[in-house]
Protein chains: 2
Amino acid sequence: MESGEPSSPIRNGTKIPGTHPGDRYIRHVASGDLPIREIAPGRFVAEPAEPVSIFGKAWFRLRRAIIGRPLHTAEAPHQRIGKVKALAVFSSDALSSTAYGPEEILRILILAGSAAYAYTLPIWLAIVLLIMIVVFSYRQTIRAYPHGGGTYIVSRENLGVGAGLVAAAALLSDYILTVAVSISAGVAAITSALPSLFPVRVELAVAAILFLTIANLRGIRESATIFTVPTYAYIVCLGLLIVLGVASLAGIGPEAHPVRYEPPPPSSPLTLFLVLRAFAAGSTTLTGIEAISNGLPAFKDPQPENARTTLLAMGLLLVGLFSGVTLLSYHSHLMPSDRETIVSQLARTLVDDSPFYYVIQAATALILFLAANTAFADFPRLAYFLARDRYLPRQFRFQGERLAFSTGIVTLGLVSCLLVILRRADVSALIPLYAVGVFTAFTLSQSGMVVHWWRKARGDLRRLQWHSLLMNGLGAITTGIVTAVILVTKFIHGAWIVVVVMPLLIAMMVGTHRHYVSVAEQLRVSPEEARRRLRIVPRRIVAIVPVFSLNRASLLALNYARAVADDVTAVHVATEPESGELLQERWRETGLTIPLVIVDSPYRELLGPLVAVIEKLHREKGAPLITVVIPEFVTAHWWERLLHTQTAWRLRRALADIPDIVITTVPYHLQE
Amino acid sequence: MESGEPSSPIRNGTKIPGTHPGDRYIRHVASGDLPIREIAPGRFVAEPAEPVSIFGKAWFRLRRAIIGRPLHTAEAPHQRIGKVKALAVFSSDALSSTAYGPEEILRILILAGSAAYAYTLPIWLAIVLLIMIVVFSYRQTIRAYPHGGGTYIVSRENLGVGAGLVAAAALLSDYILTVAVSISAGVAAITSALPSLFPVRVELAVAAILFLTIANLRGIRESATIFTVPTYAYIVCLGLLIVLGVASLAGIGPEAHPVRYEPPPPSSPLTLFLVLRAFAAGSTTLTGIEAISNGLPAFKDPQPENARTTLLAMGLLLVGLFSGVTLLSYHSHLMPSDRETIVSQLARTLVDDSPFYYVIQAATALILFLAANTAFADFPRLAYFLARDRYLPRQFRFQGERLAFSTGIVTLGLVSCLLVILRRADVSALIPLYAVGVFTAFTLSQSGMVVHWWRKARGDLRRLQWHSLLMNGLGAITTGIVTAVILVTKFIHGAWIVVVVMPLLIAMMVGTHRHYVSVAEQLRVSPEEARRRLRIVPRRIVAIVPVFSLNRASLLALNYARAVADDVTAVHVATEPESGELLQERWRETGLTIPLVIVDSPYRELLGPLVAVIEKLHREKGAPLITVVIPEFVTAHWWERLLHTQTAWRLRRALADIPDIVITTVPYHLQE
């Protein structure tokens with residue numbers, strides 16, 4: 001980490017209560033040793049410190065061991081990177097899809113028998129064209145949004161909130177699938193090389209997701225160096241493999257050792273639908289292309305120029321690697337298998353069992369894990385934007401101890417884990433869910449750009465940037481058609497799940513927004529209204545004290561009630577026949593002047609009658625607010641609470657939903 | 001039910017909040033329709049009513065369907081019964097043990113081969129003698145405690161609290177085992193007649209326990225009529241069977257159809273230890289003899305005379321049935337089997353597959369279930385006494401809606417279920433755990449009686465009731481020896497569990513007692529001290545209001561704080577860099593004069609710094625109590641709470657353990 005000035009030093013000995021349920025502040029901290037520092041009158045700075053209780057301490061230490069020491073807000077990284085590193089950082093997602101995209105095309109075509117393989121060539125051509133169209137289309141986006149034009153922002157700004165939410169929902173589901181697919185494909189690369197690990201592939205995938213979750217909770221920066229090695233290693237290895245393959249075909253390279261799996265018996269006629277389905281499967285190769293336009297702020301100046309160049313370079317690399325893998329696999333008549341990936345077969349065909357084969361598989365697995373990792377950066381960031389705009393719960397806004405958006409990271413980890421387990425870490429079973437979201441987002445983003453250029457001209461055709469508008473228009477139409485093709489051809493194979501989930505997600509976002517807006521409106525107060533409200537101090541405080549027996553705890557509560565209120569009534573519910581009379585007797589004996597109301601409860605119910613009599617008195621007293629002062633004795637140890645019936649806690653719960661009741665708990669702390 | 005005057009009528013339409021977590025009181029009840037009735041100024045009577053919320057209502061209706069309408073405290077039954085019914089009520093436990101006691105003797109002896117069967121006779125004789133000694137010993141107890149001399153009371157009064165607790169722990173574990181053993185034996189009677197049910201015996205046993213638990217939660221009275229039929233049916237059936245058997249042996253009865261199971265290969269030498277072990281197993285026949293002296297208050301006058309007669313009758317019946325089953329089984333050379341009980345074998349030998357055979361099995365199963373049911377009356381009652389004396393959690397004191405001691409009933413049901421499942425409803429596997437508790441209780445009770453007679457004479461030997469003292473002394477010594485024999489011979493087979501569990505139980509009871517006494521002492525206040533405490537009204541109320549932003553909820557809290565307190569400070573923790581300045585600005589704008597303290601939290605922690613600054617202010621202000629006034633907005637629906645971070649709730653939790661902090665929640669109720 002290059003940036004990040006040293007924050008205020010962490011005082012290890014200081015004790016403060018933590019924010020987690022386990023971290024309870026048991027007793028007064030050592031005198032004067034509070035973890036806040038006064039920097040001006042009435043102004044303090046908090047310092048991190050360890051909790052006091054045993055559980056709190058253990059949880060704190062465990063957390064620190066796993067995710068590291070808390071980071072100061074000022075430690076947030078602001079790192080900018082050049083083109084070479086940027087290519088590595090932002091293209092791992094896109095380039096890694098060459099490890100499964102070509103295979104998915106063959107996997108669909110083979111359903112109609114080996115003869116259908118001939119259709120690989122037109123599909124290849126269509127996808128290469130699609131890549132170039134999308135790349136050039138996004139180059140226009142970068143020009144228009146030189147400081148970052150994420151799909152959600154572009155769609156919302158130009159097409160309205162509805163489109164923005166559709167794009168957001170599409171992207172969120174897409175990021176989840178990026179993790180599931182990339183991790184599954186990475187594990188497949190490993191199990192192709194080490195078949196003995198095949199039976200534990202689901203466990204491996206779950207472990208990889210857990211590892212990424214924890215790493216991201218630690219807040220690994222998009223530290224370019226980490227990304228550079230595997231991305232370039234993959235480019236070099238796959239590039240070298242492709243060169244070898246071409247040389248071999250030309251008769252000047254190494255001898256090929258064809259790997260041959262049995263083709264499955266044809267199960268489907270060769271129809272246009274099947275060819276389109278194969279194309280749709282292959283279009284997953286495009287996932288991740290949008291990363292550069294989302295990631296603009298990280299580029300060195302001049303940002304747009306650097307980003308456009310990087311995007312073009314990525315597009316060319318993507319075309320090259322995709323073409324190489326697809327065409328070589330086609331020429332070598334490789335058959336998709338459940339046990340070995342096409343890339344692994346290709347590598348074994350050309351370099352046999354040599355060390356280079358294992359290097360290729362390792363590089364493939366690594367870049368796929370990195371691709372999953374980019375989703376761990378993108379999902380929480382998008383969720384943060386959505387939460388900021390009040391479309392997601394505000395928990396997604398919080399930055400954890402390590403400045404990471406913990407809620408988003410954990411959510412992504414859990415949901416993608418679930419998907420991987422449900423689909424048994426099988427890439428082919430996940431692919432039908434994928435791509436729908438990506439291409440929906442592409443279409444909305446490009447359409448938004450068309451509107452953008454049109455609006456920018458403000459009706460003046462001479463100022464219209466025709467070139468950009470046409471490029472984005474072509475992109476929008478093409479990706480729109482592809483979205484339709486994907487939806488139709490993959491519908492019964494799983495795309496329907498996305499069709500069901502996305503509207504639900506959007507409805508939840510809209511409902512959440514409505515709630516937050518309503519709450520904000522109900523709570524909002526203008527300075528004038530605030531002044532007016534503050535002028536009216538409640539005239540009369542009316543208090544009710546539930547008394548179970550006359551002891552030190554209830555005396556303390558009665559006394560406190562007398563001090564704060566002008567009108568105090570004690571209430572006793574007699575669950576046993578004589579207890580009312582006994583308490584009245586003690587009341588007389590003590591000379592208590594506070595009126596005592598007694599409710600006989602012949603059905604031995606306590607809370608119901610108590611709440612009813614509080615309601616009754618509330619109505620009779622006619623005060624806008626009524627204060628219920630609950631005496632509560634607090635035991636020294638948590639396990640001692642099991643020996644008491646927690647009446648105070650249950651009463652507080654029962655009263656919590658009734659309006660205009662202020663609940664005051666007066667604790668009486670017991671000794672050991 | 002003969003007694004029970006009609007209580008105040010139940011108004012079905014009335015709505016009140018229930019006492020259960022699900023029963024939340026959502027909104028004001030319909031005007032004037034509160035479920036309390038004013039009977040005098042300041043004096044109300046509560047009436048049962050249905051809760052308002054959906055979950056509350058569903059849970060209420062389910063409960064009512066299963067356990068019935070709530071009962072008025074005045075509906076508690078006070079039924080007294082004559083000798084004939086009393087014999088049925090109190091002897092089901094003791095007499096039913098003849099269904100498994102003899103079998104357990106044979107089961108141990110057969111381990112040393114068929115020749116060992118000869119030792120059945122001396123063991124039979126020893127147990128018959130033991131029964132008579134214990135019966136005559138308990139007749140002395142009844143004389144001394146004409147109004148009920150339960151083992152716990154007799155031991156505690158005469159031998160001290162320690163002995164009382166040992167007896168109580170022994171009895172509690174014994175009641176649990178009574179349920180487990182009787183239910184398992186009852187199921188064995190059923191599966192002997194219907195072997196196809198053998199594979200589901202554990203499920204049958206669990207279902208039977210569940211049924212008894214629910215029936216007892218409904219509060220079935222010890223309605224003598226229910227008990228009379230199966231108890232006398234068992235006595236008549238088994239008596240008839242024994243008469244038939246004797247007649248058959250004498251050659252004047254029906255022809256015997258011997259049932260023959262293969263004896264298992266001998267696995268143990270015939271030692272004195274084995275014979276003693278067989279005796280110990282057979283001694284379970286004595287369980288339940290103490291029931292009559294515990295149940296004295298239920299007898300019609302003259303209570304002691306009636307009880308003594310009933311006890312003698314029960315003893316004679318027990319001797320008769322035990323002797324009949326044991327001696328006939330011995331003479332017919334019946335072999336214990338896992339699939340068929342000895343009683344079933346005996347019945348089949350004499351009456352073959354006739355309808356009478358099924359009647360016998362049904363009567364056996366029924367009396368065993370009744371025996372288990374008596375434990376469901378005894379365990380909760382003993383637990384109530386112990387809770388009243390503060391040795392068990394006070395939850396055991398509560399009488400549920402149906403006047404039953406629900407906590408004790410549910411505890412017994414759960415623990416005995418667990419035992420039955422762990423031991424696969426196998427009587428022989430449960431027997432080694434049984435009897436230790438019973439005989440420990442016998443020994444303590446009889447020893448207590450010896451002390452009782454001695455003390456009663458007050459050193460004057462002429463006033464000493466020699467006869468009673470000797471009888472109880474003989475009982476104490478005999479049962480003491482038997483306890484030792486049982487412990488030693490069954491130790492490795494399971495009695496060690498009791499040896500481990502009982503001290504734990506006693507330690508828990510002592511710890512519980514210590515805690516309650518300490519709490520009571522800390523809370524107790526004399527009228528003088530109460531008067532003194534009430535003279536000192538807290539002089540100065542110091543309040544702290546945590547403010548997250550300036551809105552209607554926080555304004556309400558600030559205003560309330562100003563009304564009740566003399567010194568109000570607002571506190572804001574700035575988890576985001578600018579929020580402190582923003583709030584200060586709004587404070588100025590509104591012209592708020594309440595001082596505002598700001599804590600910058602660069603590690604984004606909220607609760608820790610908040611608690612620390614509250615502590616800090618608490619120390620500076622020097623007031624004995626500090627009041628934290630928490631603004632809280634309450635959402636209209638529970639699921640909306642998920643969209644908020646429950647800061648108020650978390651703060652209340654974090655503050656709950658710090659002494660001298662009064663927590664006041666000022667709710668602001670949001671609309672839909």
# chains A, B, ... in the order shown; residues from 1 in each chain; ligands from 1
call {"tool": "residues_around", "arguments": {"residues": "region 60-68 of chain A", "least_positions_apart": "4", "cutoff": "7 Å", "atoms": "only C-alpha atoms", "output": "mmCIF file with all heavy atoms, in the first residue's frame"}}
result
data_model
loop_
_atom_site.group_PDB
_atom_site.id
_atom_site.type_symbol
_atom_site.label_atom_id
_atom_site.label_comp_id
_atom_site.auth_asym_id
_atom_site.auth_seq_id
_atom_site.Cartn_x
_atom_site.Cartn_y
_atom_site.Cartn_z
ATOM 1 N N GLY A 56 -16.425 -10.855 24.645
ATOM 2 C CA GLY A 56 -16.130 -9.688 23.818
ATOM 3 C C GLY A 56 -14.684 -9.694 23.392
ATOM 4 O O GLY A 56 -14.345 -9.482 22.226
ATOM 5 N N ILE A 214 -13.129 -13.402 3.093
ATOM 6 C CA ILE A 214 -12.294 -12.927 4.198
ATOM 7 C C ILE A 214 -11.254 -11.928 3.698
ATOM 8 O O ILE A 214 -11.035 -10.874 4.296
ATOM 9 C CB ILE A 214 -11.629 -14.122 4.914
ATOM 10 C CG1 ILE A 214 -12.706 -14.903 5.673
ATOM 11 C CG2 ILE A 214 -10.538 -13.663 5.851
ATOM 12 C CD1 ILE A 214 -12.207 -16.186 6.277
ATOM 13 N N LEU A 217 -12.904 -8.732 3.242
ATOM 14 C CA LEU A 217 -13.252 -8.089 4.515
ATOM 15 C C LEU A 217 -12.006 -7.447 5.121
ATOM 16 O O LEU A 217 -12.088 -6.431 5.795
ATOM 17 C CB LEU A 217 -13.837 -9.108 5.491
ATOM 18 C CG LEU A 217 -15.281 -9.527 5.231
ATOM 19 C CD1 LEU A 217 -15.691 -10.607 6.216
ATOM 20 C CD2 LEU A 217 -16.221 -8.336 5.352
ATOM 21 N N ARG A 218 -10.862 -8.068 4.911
ATOM 22 C CA ARG A 218 -9.602 -7.438 5.335
ATOM 23 C C ARG A 218 -9.396 -6.162 4.555
ATOM 24 O O ARG A 218 -8.590 -5.325 4.931
ATOM 25 C CB ARG A 218 -8.419 -8.343 5.033
ATOM 26 C CG ARG A 218 -8.178 -9.472 5.980
ATOM 27 C CD ARG A 218 -6.839 -10.125 5.703
ATOM 28 N NE ARG A 218 -5.747 -9.327 6.222
ATOM 29 C CZ ARG A 218 -5.201 -9.506 7.414
ATOM 30 N NH1 ARG A 218 -5.626 -10.444 8.191
ATOM 31 N NH2 ARG A 218 -4.217 -8.737 7.826
#
call {"tool": "atom_distance", "arguments": {"atom1": "CA of Ala74 (chain A)", "atom2": "CA of Phe44 (chain A)"}}
result
16.9 Å
call {"tool": "residues_around", "arguments": {"residues": "Leu129 (chain B)", "least_positions_apart": "3", "cutoff": "12 Å", "atoms": "only C-alpha atoms", "output": "VMD selection string"}}
result
chain B and resid 122 to 126 132 to 136 283 286 315 to 316 318 to 319 322 to 323 474 to 475 478 to 479
call {"tool": "write_last_selection", "arguments": {"atoms": "N, CA and C atoms", "output": "PDB file, in the first residue's frame"}}
result
ATOM      1  N   PRO B 122     -34.659 -67.606  46.909  1.00  0.00           N
ATOM      2  CA  PRO B 122     -34.192 -66.715  47.992  1.00  0.00           C
ATOM      3  C   PRO B 122     -34.371 -65.226  47.659  1.00  0.00           C
ATOM      4  N   ILE B 123     -34.154 -64.866  46.371  1.00  0.00           N
ATOM      5  CA  ILE B 123     -34.325 -63.453  46.015  1.00  0.00           C
ATOM      6  C   ILE B 123     -35.785 -63.039  46.211  1.00  0.00           C
ATOM      7  N   TRP B 124     -36.692 -63.931  45.785  1.00  0.00           N
ATOM      8  CA  TRP B 124     -38.125 -63.645  45.959  1.00  0.00           C
ATOM      9  C   TRP B 124     -38.441 -63.395  47.424  1.00  0.00           C
ATOM     10  N   LEU B 125     -37.927 -64.285  48.269  1.00  0.00           N
ATOM     11  CA  LEU B 125     -38.187 -64.180  49.697  1.00  0.00           C
ATOM     12  C   LEU B 125     -37.654 -62.861  50.252  1.00  0.00           C
ATOM     13  N   ALA B 126     -36.436 -62.502  49.850  1.00  0.00           N
ATOM     14  CA  ALA B 126     -35.811 -61.271  50.339  1.00  0.00           C
ATOM     15  C   ALA B 126     -36.656 -60.061  49.946  1.00  0.00           C
ATOM     16  N   MET B 132     -42.516 -55.856  52.989  1.00  0.00           N
ATOM     17  CA  MET B 132     -43.260 -55.763  54.244  1.00  0.00           C
ATOM     18  C   MET B 132     -42.573 -54.803  55.214  1.00  0.00           C
ATOM     19  N   ILE B 133     -41.241 -54.850  55.261  1.00  0.00           N
ATOM     20  CA  ILE B 133     -40.515 -53.932  56.167  1.00  0.00           C
ATOM     21  C   ILE B 133     -40.810 -52.479  55.775  1.00  0.00           C
ATOM     22  N   VAL B 134     -40.707 -52.203  54.475  1.00  0.00           N
ATOM     23  CA  VAL B 134     -40.896 -50.821  54.027  1.00  0.00           C
ATOM     24  C   VAL B 134     -42.337 -50.394  54.280  1.00  0.00           C
ATOM     25  N   VAL B 135     -43.302 -51.284  54.032  1.00  0.00           N
ATOM     26  CA  VAL B 135     -44.707 -50.931  54.269  1.00  0.00           C
ATOM     27  C   VAL B 135     -44.928 -50.604  55.738  1.00  0.00           C
ATOM     28  N   PHE B 136     -44.410 -51.459  56.635  1.00  0.00           N
ATOM     29  CA  PHE B 136     -44.649 -51.191  58.050  1.00  0.00           C
ATOM     30  C   PHE B 136     -43.895 -49.957  58.510  1.00  0.00           C
ATOM     31  N   SER B 283     -35.395 -55.341  43.029  1.00  0.00           N
ATOM     32  CA  SER B 283     -35.846 -54.395  44.056  1.00  0.00           C
ATOM     33  C   SER B 283     -36.592 -53.211  43.448  1.00  0.00           C
ATOM     34  N   LEU B 286     -40.190 -52.284  44.365  1.00  0.00           N
ATOM     35  CA  LEU B 286     -40.632 -51.467  45.490  1.00  0.00           C
ATOM     36  C   LEU B 286     -40.918 -50.014  45.123  1.00  0.00           C
ATOM     37  N   GLY B 315     -49.590 -53.126  50.134  1.00  0.00           N
ATOM     38  CA  GLY B 315     -48.443 -53.989  50.386  1.00  0.00           C
ATOM     39  C   GLY B 315     -48.802 -55.444  50.136  1.00  0.00           C
ATOM     40  N   LEU B 316     -49.975 -55.855  50.634  1.00  0.00           N
ATOM     41  CA  LEU B 316     -50.377 -57.250  50.478  1.00  0.00           C
ATOM     42  C   LEU B 316     -50.598 -57.578  49.004  1.00  0.00           C
ATOM     43  N   LEU B 318     -49.227 -56.121  46.497  1.00  0.00           N
ATOM     44  CA  LEU B 318     -47.922 -56.115  45.840  1.00  0.00           C
ATOM     45  C   LEU B 318     -47.207 -57.436  46.064  1.00  0.00           C
ATOM     46  N   VAL B 319     -47.241 -57.901  47.319  1.00  0.00           N
ATOM     47  CA  VAL B 319     -46.604 -59.181  47.634  1.00  0.00           C
ATOM     48  C   VAL B 319     -47.263 -60.294  46.827  1.00  0.00           C
ATOM     49  N   PHE B 322     -46.455 -59.913  42.992  1.00  0.00           N
ATOM     50  CA  PHE B 322     -45.037 -60.158  42.762  1.00  0.00           C
ATOM     51  C   PHE B 322     -44.720 -61.633  42.922  1.00  0.00           C
ATOM     52  N   SER B 323     -45.237 -62.222  44.012  1.00  0.00           N
ATOM     53  CA  SER B 323     -44.970 -63.644  44.259  1.00  0.00           C
ATOM     54  C   SER B 323     -45.533 -64.494  43.137  1.00  0.00           C
ATOM     55  N   LEU B 474     -35.381 -50.471  61.593  1.00  0.00           N
ATOM     56  CA  LEU B 474     -35.216 -51.663  60.756  1.00  0.00           C
ATOM     57  C   LEU B 474     -35.328 -51.273  59.278  1.00  0.00           C
ATOM     58  N   GLY B 475     -36.341 -50.434  58.984  1.00  0.00           N
ATOM     59  CA  GLY B 475     -36.513 -49.965  57.607  1.00  0.00           C
ATOM     60  C   GLY B 475     -35.281 -49.229  57.119  1.00  0.00           C
ATOM     61  N   THR B 478     -32.319 -51.716  56.657  1.00  0.00           N
ATOM     62  CA  THR B 478     -32.530 -52.609  55.510  1.00  0.00           C
ATOM     63  C   THR B 478     -32.383 -51.853  54.199  1.00  0.00           C
ATOM     64  N   THR B 479     -33.124 -50.723  54.079  1.00  0.00           N
ATOM     65  CA  THR B 479     -33.064 -50.008  52.804  1.00  0.00           C
ATOM     66  C   THR B 479     -31.674 -49.429  52.581  1.00  0.00           C
TER      67      THR B 479
END
call {"tool": "atom_distance", "arguments": {"atom1": "CA of Ile252 (chain A)", "atom2": "CA of Gly324 (chain A)"}}
result
17.3 Å
call {"tool": "closest_residue", "arguments": {"among": "A:Val243, A:Leu159, A:Val519, A:Leu130", "to": "Val450 (chain A)", "atoms": "only C-alpha atoms"}}
result
A:Leu159
call {"tool": "residues_around", "arguments": {"residues": "region 208-212 of chain B", "least_positions_apart": "4", "cutoff": "7 Å", "atoms": "only C-alpha atoms", "output": "list of chain:residue names"}}
result
B:Leu204, B:Asn216, B:Asn373, B:Gly413, B:Cys417
call {"tool": "select_by_dssp", "arguments": {"residues": "region 321-467 of chain B", "states": "helix (DSSP H, G or I)", "output": "count of residues only"}}
result
110
call {"tool": "select_by_dssp", "arguments": {"residues": "region 444-625 of chain B", "states": "strand (DSSP E)", "output": "list in words"}}
result
Val542, Ala543, Ile544, Val545, Pro546, Asp567, Val568, Thr569, Ala570, Val571, His572, Val573, Ala574, Leu596, Val597, Ile598, Val599 and Asp600 of chain B
call {"tool": "write_last_selection", "arguments": {"atoms": "all heavy atoms", "output": "CSV table (one decimal), in the first residue's frame"}}
result
chain,number,residue,atom,x,y,z
B,542,VAL,N,-29.8,14.6,35.9
B,542,VAL,CA,-28.9,14.9,34.8
B,542,VAL,C,-29.2,14.0,33.6
B,542,VAL,O,-29.3,12.8,33.8
B,542,VAL,CB,-27.4,14.7,35.2
B,542,VAL,CG1,-26.4,14.9,34.1
B,542,VAL,CG2,-27.1,15.6,36.4
B,543,ALA,N,-29.4,14.5,32.5
B,543,ALA,CA,-29.8,13.7,31.3
B,543,ALA,C,-28.8,13.9,30.2
B,543,ALA,O,-28.3,15.0,29.9
B,543,ALA,CB,-31.2,14.1,30.8
B,544,ILE,N,-28.6,12.8,29.4
B,544,ILE,CA,-27.8,12.8,28.2
B,544,ILE,C,-28.7,12.3,27.1
B,544,ILE,O,-29.3,11.3,27.2
B,544,ILE,CB,-26.6,11.9,28.4
B,544,ILE,CG1,-25.6,12.5,29.4
B,544,ILE,CG2,-25.8,11.8,27.0
B,544,ILE,CD1,-24.5,11.6,29.7
B,545,VAL,N,-28.7,13.0,26.0
B,545,VAL,CA,-29.5,12.6,24.8
B,545,VAL,C,-28.6,12.3,23.6
B,545,VAL,O,-28.0,13.2,23.1
B,545,VAL,CB,-30.5,13.7,24.4
B,545,VAL,CG1,-31.5,13.1,23.4
B,545,VAL,CG2,-31.3,14.2,25.6
B,546,PRO,N,-28.5,11.0,23.2
B,546,PRO,CA,-27.7,10.8,22.0
B,546,PRO,C,-28.5,11.2,20.8
B,546,PRO,O,-29.7,10.9,20.7
B,546,PRO,CB,-27.6,9.2,22.0
B,546,PRO,CG,-28.1,8.8,23.3
B,546,PRO,CD,-29.0,9.8,23.9
B,567,ASP,N,-30.4,19.3,33.9
B,567,ASP,CA,-29.1,19.4,33.2
B,567,ASP,C,-29.2,18.5,32.0
B,567,ASP,O,-29.2,17.3,32.2
B,567,ASP,CB,-28.0,19.1,34.2
B,567,ASP,CG,-26.6,19.2,33.6
B,567,ASP,OD1,-26.5,19.1,32.3
B,567,ASP,OD2,-25.6,19.2,34.3
B,568,VAL,N,-29.2,19.0,30.8
B,568,VAL,CA,-29.3,18.2,29.6
B,568,VAL,C,-28.2,18.4,28.7
B,568,VAL,O,-27.8,19.6,28.5
B,568,VAL,CB,-30.6,18.5,28.9
B,568,VAL,CG1,-30.8,17.6,27.6
B,568,VAL,CG2,-31.9,18.3,29.7
B,569,THR,N,-27.5,17.3,28.3
B,569,THR,CA,-26.4,17.4,27.3
B,569,THR,C,-26.8,16.5,26.1
B,569,THR,O,-27.2,15.4,26.3
B,569,THR,CB,-25.1,17.0,27.9
B,569,THR,OG1,-24.9,17.7,29.1
B,569,THR,CG2,-23.9,17.3,27.0
B,570,ALA,N,-26.6,17.0,24.9
B,570,ALA,CA,-26.8,16.2,23.7
B,570,ALA,C,-25.4,15.7,23.3
B,570,ALA,O,-24.4,16.4,23.5
B,570,ALA,CB,-27.4,17.0,22.6
B,571,VAL,N,-25.4,14.4,22.8
B,571,VAL,CA,-24.1,13.8,22.4
B,571,VAL,C,-24.3,13.3,21.0
B,571,VAL,O,-25.3,12.7,20.6
B,571,VAL,CB,-23.8,12.7,23.4
B,571,VAL,CG1,-22.6,11.9,22.8
B,571,VAL,CG2,-23.4,13.2,24.7
B,572,HIS,N,-23.3,13.6,20.1
B,572,HIS,CA,-23.3,13.1,18.8
B,572,HIS,C,-22.0,12.4,18.5
B,572,HIS,O,-20.9,12.9,18.7
B,572,HIS,CB,-23.5,14.2,17.8
B,572,HIS,CG,-23.4,13.8,16.4
B,572,HIS,ND1,-24.4,13.1,15.7
B,572,HIS,CD2,-22.4,14.0,15.4
B,572,HIS,CE1,-24.1,12.9,14.5
B,572,HIS,NE2,-22.9,13.4,14.3
B,573,VAL,N,-22.1,11.1,17.9
B,573,VAL,CA,-20.8,10.4,17.5
B,573,VAL,C,-20.8,10.6,16.0
B,573,VAL,O,-21.7,10.1,15.3
B,573,VAL,CB,-20.9,9.0,17.9
B,573,VAL,CG1,-19.7,8.2,17.4
B,573,VAL,CG2,-20.9,8.9,19.4
B,574,ALA,N,-19.7,11.2,15.5
B,574,ALA,CA,-19.5,11.4,14.1
B,574,ALA,C,-18.8,10.3,13.4
B,574,ALA,O,-17.6,10.2,13.5
B,574,ALA,CB,-18.8,12.7,13.8
B,596,LEU,N,-24.1,20.7,23.0
B,596,LEU,CA,-23.9,19.5,22.1
B,596,LEU,C,-22.4,19.1,22.2
B,596,LEU,O,-21.5,19.9,21.9
B,596,LEU,CB,-24.3,19.9,20.7
B,596,LEU,CG,-23.9,18.9,19.6
B,596,LEU,CD1,-24.8,17.7,19.8
B,596,LEU,CD2,-24.2,19.5,18.2
B,597,VAL,N,-22.2,17.9,22.6
B,597,VAL,CA,-20.9,17.3,22.6
B,597,VAL,C,-20.7,16.4,21.4
B,597,VAL,O,-21.6,15.6,21.1
B,597,VAL,CB,-20.7,16.5,23.9
B,597,VAL,CG1,-19.4,15.7,23.8
B,597,VAL,CG2,-20.7,17.4,25.1
B,598,ILE,N,-19.6,16.6,20.7
B,598,ILE,CA,-19.3,15.8,19.5
B,598,ILE,C,-18.1,14.9,19.7
B,598,ILE,O,-17.1,15.3,20.2
B,598,ILE,CB,-19.2,16.7,18.3
B,598,ILE,CG1,-20.5,17.3,17.9
B,598,ILE,CG2,-18.6,15.9,17.1
B,598,ILE,CD1,-20.5,18.4,16.9
B,599,VAL,N,-18.3,13.6,19.3
B,599,VAL,CA,-17.2,12.7,19.4
B,599,VAL,C,-16.9,12.3,18.0
B,599,VAL,O,-17.7,11.6,17.3
B,599,VAL,CB,-17.5,11.4,20.2
B,599,VAL,CG1,-16.3,10.5,20.4
B,599,VAL,CG2,-18.1,11.8,21.6
B,600,ASP,N,-15.7,12.6,17.5
B,600,ASP,CA,-15.3,12.1,16.2
B,600,ASP,C,-14.9,10.7,16.3
B,600,ASP,O,-14.1,10.3,17.2
B,600,ASP,CB,-14.1,12.9,15.6
B,600,ASP,CG,-14.6,14.3,15.2
B,600,ASP,OD1,-15.6,14.4,14.5
B,600,ASP,OD2,-14.0,15.3,15.7
call {"tool": "residues_around", "arguments": {"residues": "Glu255 (chain B)", "least_positions_apart": "6", "cutoff": "9 Å", "atoms": "only C-alpha atoms", "output": "VMD selection string"}}
result
chain B and resid 248 349 to 351
call {"tool": "write_last_selection", "arguments": {"atoms": "C-alpha atoms", "output": "short mmCIF file (atom, residue, chain, number, x, y, z; two decimals), in the first residue's frame"}}
result
data_model
loop_
_atom_site.label_atom_id
_atom_site.label_comp_id
_atom_site.auth_asym_id
_atom_site.auth_seq_id
_atom_site.Cartn_x
_atom_site.Cartn_y
_atom_site.Cartn_z
CA SER B 248 -52.72 -75.62 36.32
CA THR B 349 -48.58 -70.29 28.51
CA LEU B 350 -51.86 -70.39 30.43
CA VAL B 351 -54.51 -68.87 28.15
#
